[in-house]
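Novice: Sharing structure_20.txt below, compact mmCIF, C-alpha atoms:
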```txt
# COMPACT_ATOMS: atom_id res chain seq x y z
CA MET A 1 77.51 85.46 66.61
CA GLU A 2 75.99 82.96 69.01
CA SER A 3 72.56 83.57 70.49
CA GLU A 4 72.07 86.21 73.16
CA LYS A 5 71.58 83.55 75.81
CA ASP A 6 74.86 81.78 74.93
CA TYR A 7 76.61 85.13 74.79
CA VAL A 8 75.47 86.08 78.31
CA ILE A 9 76.34 82.64 79.73
CA LEU A 10 79.84 82.78 78.24
CA ARG A 11 80.43 86.31 79.50
CA LYS A 12 79.17 85.67 83.01
CA THR A 13 81.10 82.40 83.28
CA ILE A 14 84.38 84.10 82.37
CA THR A 15 83.62 87.00 84.70
CA THR A 16 82.67 84.70 87.59
CA LEU A 17 85.80 82.58 87.28
CA SER A 18 88.12 85.54 86.87
CA THR A 19 86.63 87.54 89.75
CA SER A 20 86.59 84.50 92.04
CA PHE A 21 90.23 83.68 91.29
CA ILE A 22 91.38 87.26 91.86
CA LEU A 23 89.42 87.74 95.10
CA ALA A 24 90.43 84.34 96.50
CA TYR A 25 94.08 85.10 95.77
CA LEU A 26 93.89 88.55 97.38
CA LEU A 27 92.18 87.19 100.49
CA ALA A 28 94.69 84.35 100.83
CA ILE A 29 97.79 86.50 100.35
CA THR A 30 96.80 89.66 102.26
CA GLY A 31 97.22 88.19 105.73
CA LEU A 32 100.59 86.67 104.85
CA VAL A 33 101.85 89.97 103.42
CA GLN A 34 100.78 91.70 106.65
CA GLN A 35 102.57 89.01 108.65
CA LEU A 36 105.78 89.56 106.70
CA THR A 37 105.44 93.34 106.99
CA ASP A 38 105.11 93.07 110.77
CA GLY A 39 108.23 90.91 110.92
CA GLU A 40 106.39 87.88 112.30
CA GLU A 41 107.88 84.43 111.86
CA LEU A 42 106.29 82.34 109.14
CA LEU A 43 104.81 78.95 109.91
CA TYR A 44 106.01 75.71 108.38
CA HIS A 45 105.19 75.36 104.67
CA THR A 46 103.41 78.70 104.48
CA GLY A 47 103.01 78.30 100.72
CA ASN A 48 100.90 75.18 101.17
CA ASP A 49 98.88 76.96 103.83
CA MET A 50 98.25 79.86 101.46
CA ALA A 51 97.20 77.51 98.66
CA GLY A 52 94.79 75.76 101.01
CA TRP A 53 93.14 79.01 102.05
CA PHE A 54 92.97 80.04 98.39
CA LEU A 55 90.85 76.97 97.66
CA VAL A 56 88.60 77.67 100.65
CA TYR A 57 88.06 81.29 99.60
CA LEU A 58 87.60 80.24 95.98
CA PHE A 59 84.80 77.87 96.96
CA TYR A 60 82.86 80.37 99.06
CA VAL A 61 83.51 83.48 96.98
CA GLY A 62 82.77 81.57 93.79
CA ALA A 63 79.48 80.30 95.19
CA VAL A 64 78.31 83.79 96.22
CA ILE A 65 79.27 85.32 92.89
CA ALA A 66 77.80 82.47 90.84
CA VAL A 67 74.43 82.71 92.57
CA TYR A 68 73.88 86.19 93.97
CA GLY A 69 76.36 88.18 91.87
CA ASN A 70 75.21 86.87 88.51
CA PHE A 71 71.53 87.20 89.44
CA VAL A 72 71.98 90.87 90.32
CA SER A 73 74.22 91.55 87.33
CA VAL A 74 71.82 90.07 84.78
CA ILE A 75 68.99 92.24 86.12
CA LEU A 76 71.16 95.38 86.09
CA ASP A 77 72.33 94.57 82.57
CA ALA A 78 68.74 94.30 81.35
CA ILE A 79 67.88 97.66 82.93
CA ARG A 80 70.96 99.33 81.50
CA LYS A 81 70.46 98.07 77.97
CA LYS A 82 66.82 99.10 77.93
CA TRP A 83 66.95 102.56 79.52
CA LEU A 84 70.54 103.72 80.08
CA PRO A 85 72.80 102.07 77.47
CA ASN A 86 75.48 104.77 77.64
CA MET A 87 75.85 104.92 81.42
CA ARG A 88 77.95 101.85 82.14
CA TRP A 89 79.92 103.42 85.01
CA LEU A 90 76.69 104.17 86.82
CA PHE A 91 75.88 100.49 86.81
CA VAL A 92 79.34 99.65 88.12
CA PHE A 93 78.35 101.86 91.04
CA PHE A 94 74.99 100.08 91.36
CA HIS A 95 76.81 96.74 91.51
CA GLY A 96 78.81 98.12 94.42
CA ILE A 97 75.72 99.33 96.27
CA LEU A 98 74.06 95.94 95.96
CA GLY A 99 77.32 94.31 97.05
CA LEU A 100 76.86 95.97 100.44
CA ILE A 101 73.85 93.79 101.21
CA ASN A 102 75.76 90.80 102.64
CA GLY A 103 77.57 93.01 105.11
CA LEU A 104 74.40 94.85 106.10
CA PHE A 105 72.55 91.55 106.53
CA PHE A 106 75.24 90.19 108.88
CA GLN A 107 75.75 93.66 110.43
CA ASP A 108 79.45 93.58 109.61
CA THR A 109 80.95 96.82 108.31
CA TYR A 110 84.10 95.21 106.93
CA LEU A 111 82.10 92.52 105.15
CA ALA A 112 79.94 95.25 103.61
CA TYR A 113 82.98 97.09 102.27
CA TYR A 114 84.53 93.89 100.99
CA GLY A 115 81.26 93.00 99.30
CA MET A 116 81.06 96.41 97.68
CA ALA A 117 84.63 96.23 96.40
CA ALA A 118 84.11 92.68 95.10
CA ALA A 119 80.90 93.65 93.31
CA MET A 120 82.53 96.64 91.64
CA LEU A 121 85.49 94.48 90.60
CA TYR A 122 83.03 92.00 89.11
CA ALA A 123 81.28 94.80 87.19
CA CYS A 124 84.57 96.16 85.81
CA ILE A 125 85.75 92.72 84.72
CA ASP A 126 82.35 92.02 83.15
CA TRP A 127 82.57 95.26 81.22
CA TRP A 128 86.07 94.40 80.00
CA VAL A 129 85.03 90.84 79.04
CA GLU A 130 82.03 92.15 77.14
CA ARG A 131 84.20 94.49 75.10
CA ARG A 132 86.78 91.76 74.41
CA ILE A 133 84.14 89.30 73.24
CA ASP A 134 82.44 91.92 71.06
CA ARG A 135 85.80 92.58 69.40
CA GLU A 136 86.45 88.82 69.12
CA LYS A 137 89.56 89.02 71.29
CA SER A 138 90.82 86.49 73.83
CA THR A 139 89.95 86.76 77.52
CA LYS A 140 92.31 83.98 78.71
CA VAL A 141 94.64 86.51 80.31
CA LEU A 142 92.10 87.03 83.12
CA LEU A 143 92.45 83.39 84.14
CA ILE A 144 96.15 82.99 83.41
CA ILE A 145 97.42 85.96 85.44
CA PRO A 146 95.84 84.91 88.79
CA LEU A 147 97.15 81.36 88.32
CA ILE A 148 100.65 82.66 87.59
CA LEU A 149 100.51 84.91 90.66
CA LEU A 150 99.28 82.00 92.79
CA LEU A 151 102.08 79.68 91.63
CA LEU A 152 104.69 82.42 92.02
CA SER A 153 103.49 83.31 95.52
CA TRP A 154 103.35 79.66 96.52
CA SER A 155 106.92 79.01 95.35
CA ILE A 156 108.29 82.13 97.09
CA LEU A 157 106.50 81.39 100.36
CA GLU A 158 107.64 77.76 100.32
CA ALA A 159 111.21 78.93 99.72
CA ILE A 160 111.29 81.43 102.59
CA SER A 161 109.21 79.50 105.14
CA PRO A 162 110.89 76.99 107.47
CA SER A 163 110.58 73.30 106.71
CA LEU A 164 109.09 70.89 109.21
CA PRO A 165 111.69 69.40 111.56
CA PRO A 166 112.33 65.66 111.17
CA PHE A 167 109.76 63.39 112.78
CA THR A 168 111.80 61.35 115.25
CA LYS A 169 111.12 58.22 117.25
CA GLU A 170 110.73 60.41 120.34
CA ASP A 171 108.03 62.37 118.54
CA ALA A 172 106.32 59.11 117.55
CA ILE A 173 106.20 57.89 121.16
CA GLU A 174 104.98 61.26 122.40
CA PHE A 175 102.21 61.23 119.78
CA ALA A 176 101.22 57.64 120.58
CA THR A 177 101.04 58.29 124.34
CA THR A 178 99.06 61.52 124.03
CA GLY A 179 95.69 61.40 125.69
CA GLU A 180 94.16 59.73 128.70
CA GLY A 181 92.02 56.71 129.49
CA THR A 182 93.81 54.25 127.21
CA ASP A 183 95.67 50.98 127.81
CA ILE A 184 99.02 52.73 127.40
CA ASP A 185 98.59 55.39 130.08
CA LEU A 186 100.98 53.60 132.45
CA PHE A 187 103.73 52.80 129.95
CA PRO A 188 106.96 54.84 129.76
CA ASP A 189 106.62 57.84 127.46
CA THR A 190 110.20 57.34 126.25
CA VAL A 191 112.11 54.31 125.01
CA GLY A 192 112.85 52.20 128.07
CA THR A 193 111.50 49.85 130.73
CA TRP A 194 109.68 50.43 134.00
CA LYS A 195 109.75 47.81 136.74
CA GLY A 196 107.64 47.73 139.86
CA THR A 197 104.86 46.00 141.78
CA PHE A 198 101.13 46.40 141.48
CA GLU A 199 98.68 44.58 143.76
CA GLY A 200 101.31 41.94 144.50
CA TYR A 201 102.27 41.43 140.86
CA HIS A 202 105.82 42.00 139.67
CA VAL A 203 105.29 44.16 136.58
CA GLN A 204 107.61 45.13 133.76
CA ARG A 205 106.42 47.64 131.17
CA SER A 206 108.54 48.45 128.11
CA THR A 207 108.23 51.00 125.32
CA ARG A 208 110.22 50.61 122.11
CA THR A 209 110.17 51.89 118.55
CA LYS A 210 111.22 50.63 115.15
CA LYS A 211 111.59 52.81 112.08
CA ILE A 212 109.59 51.39 109.15
CA ASN A 213 110.43 54.07 106.59
CA LYS A 214 110.84 57.82 106.44
CA GLU A 215 108.83 59.40 109.28
CA LEU A 216 106.87 56.19 109.91
CA TYR A 217 107.48 54.23 113.11
CA LEU A 218 106.20 51.10 114.77
CA VAL A 219 105.70 51.90 118.45
CA THR A 220 105.32 48.83 120.68
CA PHE A 221 104.17 48.64 124.28
CA GLU A 222 104.90 45.38 126.08
CA GLU A 223 103.89 44.32 129.57
CA ASN A 224 105.02 41.23 131.49
CA TRP A 225 103.82 40.25 134.92
CA THR A 226 104.37 37.50 137.46
CA LYS A 227 102.81 36.55 140.80
CA GLY A 228 103.97 33.26 142.20
CA LYS A 229 103.35 30.73 139.45
CA ARG A 230 101.07 33.06 137.58
CA LYS A 231 102.55 35.04 134.73
CA GLY A 232 101.37 36.78 131.63
CA HIS A 233 102.35 38.78 128.61
CA TYR A 234 100.63 41.65 126.79
CA VAL A 235 101.77 43.48 123.64
CA MET A 236 100.25 46.38 121.68
CA SER A 237 101.75 47.92 118.53
CA TYR A 238 100.86 51.08 116.63
CA LYS A 239 101.96 52.61 113.35
CA VAL A 240 102.70 56.27 113.92
CA ASP A 241 103.49 59.04 111.47
CA ARG A 242 103.41 62.81 111.77
CA SER A 243 99.62 63.05 111.47
CA SER A 244 98.10 59.75 112.58
CA VAL A 245 98.23 56.75 114.89
CA SER A 246 96.76 53.44 113.77
CA GLY A 247 96.62 50.07 115.46
CA TYR A 248 99.01 47.51 114.00
CA GLY A 249 98.43 44.45 116.17
CA GLY A 250 98.59 42.94 119.60
CA SER A 251 98.70 39.73 121.56
CA GLY A 252 98.06 38.44 125.04
CA THR A 253 95.33 39.42 127.47
CA THR A 254 94.77 42.38 129.69
CA PRO A 255 96.45 41.80 133.09
CA PRO A 256 93.94 40.90 135.85
CA TYR A 257 94.98 43.84 138.01
CA MET A 258 94.39 46.21 135.11
CA ARG A 259 90.80 45.04 134.77
CA ARG A 260 90.20 46.08 138.36
CA TYR A 261 92.13 49.29 137.75
CA TYR A 262 89.87 50.31 134.87
CA ASN A 263 86.74 49.16 136.70
CA ASN A 264 87.72 51.43 139.58
CA LYS A 265 88.17 54.33 137.13
CA ILE A 266 84.71 53.69 135.68
CA VAL A 267 83.16 53.59 139.17
CA LYS A 268 85.04 56.74 140.08
CA ILE A 269 83.59 58.56 137.09
CA LYS A 270 80.08 57.40 137.98
CA PHE A 271 80.44 58.68 141.53
CA MET A 272 81.95 61.95 140.32
CA ASN A 273 78.90 62.53 138.14
CA LYS A 274 76.80 62.20 141.30
CA GLY A 275 78.95 64.68 143.19
CA ALA A 276 81.21 62.27 145.09
CA LEU A 277 84.82 61.25 144.64
CA ILE A 278 85.00 57.69 145.96
CA TYR A 279 86.92 54.56 144.99
CA VAL A 280 85.19 51.22 145.58
```
Turn this file's structure into structure tokens for me.
Specialist:
Amino acid sequence: MESEKDYVILRKTITTLSTSFILAYLLAITGLVQQLTDGEELLYHTGNDMAGWFLVYLFYVGAVIAVYGNFVSVILDAIRKKWLPNMRWLFVFFHGILGLINGLFFQDTYLAYYGMAAAMLYACIDWWVERRIDREKSTKVLLIIPLILLLLSWSILEAISPSLPPFTKEDAIEFATTGEGTDIDLFPDTVGTWKGTFEGYHVQRSTRTKKINKELYLVTFEENWTKGKRKGHYVMSYKVDRSSVSGYGGSGTTPPYMRRYYNNKIVKIKFMNKGALIYV
């Protein structure tokens, strides 16, 4: 058999991975099961959401077990083997008691109970792994079963949860015009053209979209203005998908009346910060 050190490292590694996978899965799935039990409507792509939370829980739970859990377990193992070799269940209980510490430290009763349950699960799995290794039997089932449950749960949740509605050109324009204090504040928030006058200028502002590929649009804002013999042209384009807006290009110069418009807004903000609401 390998050295005692290698034996302990192998055992604790298998126990840490197995316990982390099981706990992360239980934490990720419990809330969704409660949601289904209460008859609540599932969100879009709930399976992906569950898988994401599984990874988050796996990272944090795994870190706590790898550092604190293994440190405590190695010390308890040394005590057990030296003085109480035949009282393994007592040390499962001791694992649980020491698992309460996180909850007591943060003064959170539920966290204390969760910590106790997790520590006792770790101790039971460690006991089982130790016996399997001593008998030269495989321990892969501890890693395979949680992965199978995760994949099965993900596929079921994806099948029963609603899919995202199509991302339309109207959605793209709404996304692109969200927010305040930008050059496109005054453009139509739907496909179309606005005509009017501003400080003596005849102004025409247009909003249009072009589909590039599935759920990706090119949203263009175009402004034309005239005043006597003076005229100008200004275009801004953005690539828009369901999750992002990125600049694509533009041409022309900012209309002269818009420079004054934004300067007035800046002055207004300065005066507001001083307690006054004044345009200059």
Novice: Using atom CA of Arg11 of chain A and atom CA of Ala117 of chain A as the two end points, give the distance in Å to one decimal.
Specialist: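 So the two atoms, atom CA of Arg11 of chain A and atom CA of Ala117 of chain A, lie 20.0 Å apart.
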Novice: Taking 3 positions as the minimum chain separation for residues in the same chain, which residues sit within 9 Å of segment 195-210 of chain A when counting all atoms listed in the file? Answer as a PyMOL selection string.
Specialist: chain A and resi 169-170+172-173+186-192+216-228+231+257
Novice: So how many Å separate atom CA of Glu158 of chain A and atom CA of Lys239 of chain A, to one decimal?
Specialist: 28.9 Å
Novice: Which residues come within 8 Å of Tyr248 of chain A, counting only C-alpha atoms, excluding same-chain residues fewer than 5 positions away, as an mmCIF file with C-alpha atoms, in the coordinates of the input?
Specialist:
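Listed below is the output, result26.cif:
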```cif
data_model
loop_
_atom_site.group_PDB
_atom_site.id
_atom_site.type_symbol
_atom_site.label_atom_id
_atom_site.label_comp_id
_atom_site.auth_asym_id
_atom_site.auth_seq_id
_atom_site.Cartn_x
_atom_site.Cartn_y
_atom_site.Cartn_z
ATOM 1 C CA MET A 236 100.250 46.380 121.680
ATOM 2 C CA SER A 237 101.750 47.920 118.530
ATOM 3 C CA TYR A 238 100.860 51.080 116.630
ATOM 4 C CA LYS A 239 101.960 52.610 113.350
#
```
Novice: With only C-alpha atoms counted, which protein, DNA or RNA residues have an atom no more than 12 Å from (76.8, 87.2, 72.6) in the file frame? Please answer as a list in words.
Specialist: Met1, Glu2, Ser3, Glu4, Lys5, Asp6, Tyr7, Val8, Ile9, Leu10, Arg11, Lys12, Val129, Glu130, Arg131, Arg132, Ile133, Asp134, Arg135 and Glu136 of chain A
Novice: Quick one: residues within 12 Å of segment 83-91 of chain A, all atoms listed in the file, excluding same-chain residues fewer than 2 positions away - as a ChimeraX atom specification?
Specialist: /A:72-81,93-98,119-124,126-128,130-131
Novice: Atom CA of Asp49 of chain A and atom CA of Ala24 of chain A are how many Å apart?
Specialist: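 Going from atom CA of Asp49 of chain A over to atom CA of Ala24 of chain A, I get 13.4 Å.
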Novice: Please give the centre and size of the box around segment 20-24 of chain A (axis-aligned, containing every atom listed in the file, 6 Å added per side), with values in Å to one decimal and written as JSON.
Specialist:
```
{"center_x": 89.0, "center_y": 85.7, "center_z": 93.9, "size_x": 16.8, "size_y": 16.1, "size_z": 17.2}
```
Novice: So that I can check the surroundings of Phe54 of chain A, please list as an mmCIF file with C-alpha atoms, in the coordinates of the input every protein, DNA and RNA residue that reaches within 10 Å of it, counting all atoms listed in the file and ignoring chain neighbours fewer than 5 positions away.
Specialist:
```
data_model
loop_
_atom_site.group_PDB
_atom_site.id
_atom_site.type_symbol
_atom_site.label_atom_id
_atom_site.label_comp_id
_atom_site.auth_asym_id
_atom_site.auth_seq_id
_atom_site.Cartn_x
_atom_site.Cartn_y
_atom_site.Cartn_z
ATOM 1 C CA PHE A 21 90.230 83.680 91.290
ATOM 2 C CA ILE A 22 91.380 87.260 91.860
ATOM 3 C CA LEU A 23 89.420 87.740 95.100
ATOM 4 C CA ALA A 24 90.430 84.340 96.500
ATOM 5 C CA TYR A 25 94.080 85.100 95.770
ATOM 6 C CA LEU A 26 93.890 88.550 97.380
ATOM 7 C CA LEU A 27 92.180 87.190 100.490
ATOM 8 C CA ALA A 28 94.690 84.350 100.830
ATOM 9 C CA ILE A 29 97.790 86.500 100.350
ATOM 10 C CA ASN A 48 100.900 75.180 101.170
ATOM 11 C CA ASP A 49 98.880 76.960 103.830
ATOM 12 C CA PHE A 59 84.800 77.870 96.960
ATOM 13 C CA LEU A 150 99.280 82.000 92.790
#
```
Novice: Find the residues near Gly62 of chain A: any atom within 10 Å, counting all atoms listed in the file, skip ones fewer than 6 places away on the same chain, and give them as a list in words.
Specialist: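 Those residues are Thr16, Leu17, Ser18, Thr19, Ser20, Phe21, Leu23, Ala24, Val56 and Gly69 of chain A.
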Novice: Using all atoms listed in the file, find the one residue out of A:Ala118, A:Ile160, A:Ala66, A:Val240 that sits nearest to Asn213 of chain A.
Specialist: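 Looking only at the distances to Asn213 of chain A, the closest residue turns out to be A:Val240.
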Novice: Between A:Thr168, A:Tyr234, A:Thr177, A:Gly103, which residue has the minimum interatomic distance to Gly249 of chain A, considering all atoms listed in the file?
Specialist: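 The shortest atom-to-atom distance to Gly249 of chain A comes from A:Tyr234.
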